[in-house]
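K.L.:
Just so it is clear, I am handing over data03.cif, which has mmCIF, C-alpha atoms.
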data_my_file
loop_
_atom_site.label_atom_id
_atom_site.label_comp_id
_atom_site.auth_asym_id
_atom_site.auth_seq_id
_atom_site.Cartn_x
_atom_site.Cartn_y
_atom_site.Cartn_z
CA GLU X 896 89.33 147.97 136.62
CA THR X 897 85.69 146.92 136.51
CA TRP X 898 83.64 145.94 133.48
CA SER X 899 79.90 145.64 133.08
CA TYR X 900 78.32 142.27 132.40
CA GLY X 901 77.34 143.58 128.95
CA LYS X 902 80.84 144.80 128.12
CA LEU X 903 82.37 141.47 129.10
CA ALA X 904 79.80 139.66 126.95
CA LEU X 905 80.52 141.95 123.98
CA GLU X 906 84.29 141.69 124.31
CA SER X 907 83.97 137.92 124.60
CA GLY X 908 82.15 137.79 121.28
CA PHE X 909 78.68 137.22 122.75
CA LYS X 910 76.90 140.54 122.20
CA GLY X 911 73.72 140.77 124.27
CA ALA X 912 74.65 137.90 126.58
CA ALA X 913 74.96 139.92 129.80
CA ARG X 914 72.72 137.49 131.68
CA ALA X 915 74.88 134.57 130.55
CA VAL X 916 77.94 136.40 131.89
CA GLY X 917 76.14 136.79 135.22
CA SER X 918 75.35 133.09 135.24
CA VAL X 919 78.96 132.17 134.50
CA CYS X 920 80.19 134.50 137.23
CA ARG X 921 77.66 133.04 139.68
CA ASN X 922 78.93 129.51 138.95
CA ASN X 923 82.63 130.42 138.85
CA PRO X 924 84.51 127.78 140.90
CA LEU X 925 87.78 129.74 140.63
CA ALA X 926 86.76 133.09 142.08
CA LEU X 927 90.25 133.86 143.36
CA ILE X 928 91.81 133.16 139.96
CA ILE X 929 89.07 134.48 137.67
CA PRO X 930 88.03 137.76 139.36
CA CYS X 931 84.27 137.86 138.81
CA HIS X 932 83.95 140.42 141.60
CA ARG X 933 85.20 142.97 139.05
CA VAL X 934 82.10 142.56 136.90
CA VAL X 935 79.37 145.08 137.78
CA LYS X 936 76.04 146.25 136.38
CA SER X 937 76.10 148.69 133.47
CA ASN X 938 74.74 151.45 135.73
CA GLY X 939 77.67 150.97 138.14
CA ASP X 940 75.72 149.08 140.82
CA MET X 941 77.48 146.10 142.36
CA GLY X 942 75.20 143.37 141.13
CA ASN X 943 75.33 140.05 142.96
CA TYR X 944 78.27 137.98 144.17
CA ASN X 945 78.36 134.44 145.49
CA GLY X 946 80.25 135.49 148.61
CA GLY X 947 77.75 138.30 149.22
CA VAL X 948 77.63 141.87 147.94
CA HIS X 949 79.50 143.06 151.05
CA ILE X 950 82.44 140.79 150.11
CA LYS X 951 82.37 142.09 146.52
CA ALA X 952 82.44 145.68 147.78
CA PHE X 953 85.26 144.83 150.19
CA LEU X 954 87.38 143.22 147.44
CA LEU X 955 86.89 146.17 145.08
CA ALA X 956 87.75 148.66 147.84
CA LEU X 957 90.80 146.63 148.84
CA GLU X 958 92.08 146.54 145.26
CA LYS X 959 91.42 150.25 144.84
CA LYS X 960 93.49 151.05 147.93
CA ALA X 961 96.32 148.66 147.05
CA SER X 962 99.63 150.33 146.33
CA TRP X 963 100.41 147.86 143.53
CA LYS X 964 98.62 148.06 140.23
CA LYS X 965 97.20 145.03 138.48
CA LYS X 966 97.02 144.52 134.76
CA PRO X 967 93.65 145.52 133.29
CA PHE X 968 90.85 143.01 133.82
CA LEU X 969 91.23 140.02 131.52
CA LYS X 970 93.13 142.03 128.92
CA ARG X 971 93.36 139.74 125.92
CA LYS X 972 92.33 139.87 122.30
CA ARG X 973 88.62 139.78 121.46
CA GLY X 974 87.03 136.36 121.93
CA ASP X 975 89.95 135.06 124.01
CA TYR X 976 88.66 135.98 127.45
CA LEU X 977 88.67 133.56 130.34
CA PHE X 978 84.89 133.88 130.25
CA CYS X 979 84.87 132.10 126.90
CA LEU X 980 86.99 129.31 128.30
CA ILE X 981 84.48 128.72 131.08
CA VAL X 982 81.52 128.75 128.68
CA LYS X 983 83.24 126.39 126.24
CA ILE X 984 84.21 123.82 128.92
#
The structure in this file should be written as structure tokens.
P.N.:
Amino acid sequence: ETWSYGKLALESGFKGAARAVGSVCRNNPLALIIPCHRVVKSNGDMGNYNGGVHIKAFLLALEKKASWKKKPFLKRKRGDYLFCLIVKI
């Protein structure tokens, strides 16, 4: 499941902070644990990714083809997203 930068900001309790979400994703040191590649632009475009947009596209395609299903992206109660933990650290 992908979310837009704006949706992640809203669900994290920071309405209108889509650019801040992008900044946090760009500086994410735990990309394999906190899946920032699943955050896309509100129009569906990929947006940027530290490993390169081609890597982001590859990871999304790989997950889409996977036979196993993951839990929805960062599914927690409002304001308790991993994004908030990064911002608050």
K.L.:
Excluding same-chain residues fewer than 4 positions from Ser937 in chain X, what lies within 10 Å of it counting only C-alpha atoms, as a PyMOL selection string?
P.N.:
chain X and resi 898-902+913+941-942
K.L.:
Hey, which of X:Glu896, X:Asn945, X:Lys910, X:Asp940 ends up closest to Leu925 in chain X? Count all atoms listed in the file.
P.N.:
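Smallest separation from Leu925 in chain X among the options: X:Asn945.
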K.L.:
As a check of understanding, name the residues that the PyMOL selection byres ((chain X and resi 926-933) around 8) selects in the supplied structure, as a ChimeraX atom specification.
P.N.:
/X:896-898,920,923-925,934-935,944,951,954-955,968,977
K.L.:
Just how far from CA of His949 in chain X is CA of Leu903 in chain X, in Å to one decimal?
P.N.:
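Interatomic distance, CA of Leu903 in chain X to CA of His949 in chain X: 22.2 Å.
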K.L.:
Could you jot down the CA of Lys960 in chain X to CA of Val948 in chain X separation for me, Å, one decimal place?
P.N.:
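These atoms are spaced 18.3 Å apart.
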K.L.:
I'd like the interatomic distance between CA of Val919 in chain X and CA of Asn943 in chain X, to a tenth of an Å.
P.N.:
12.1 Å
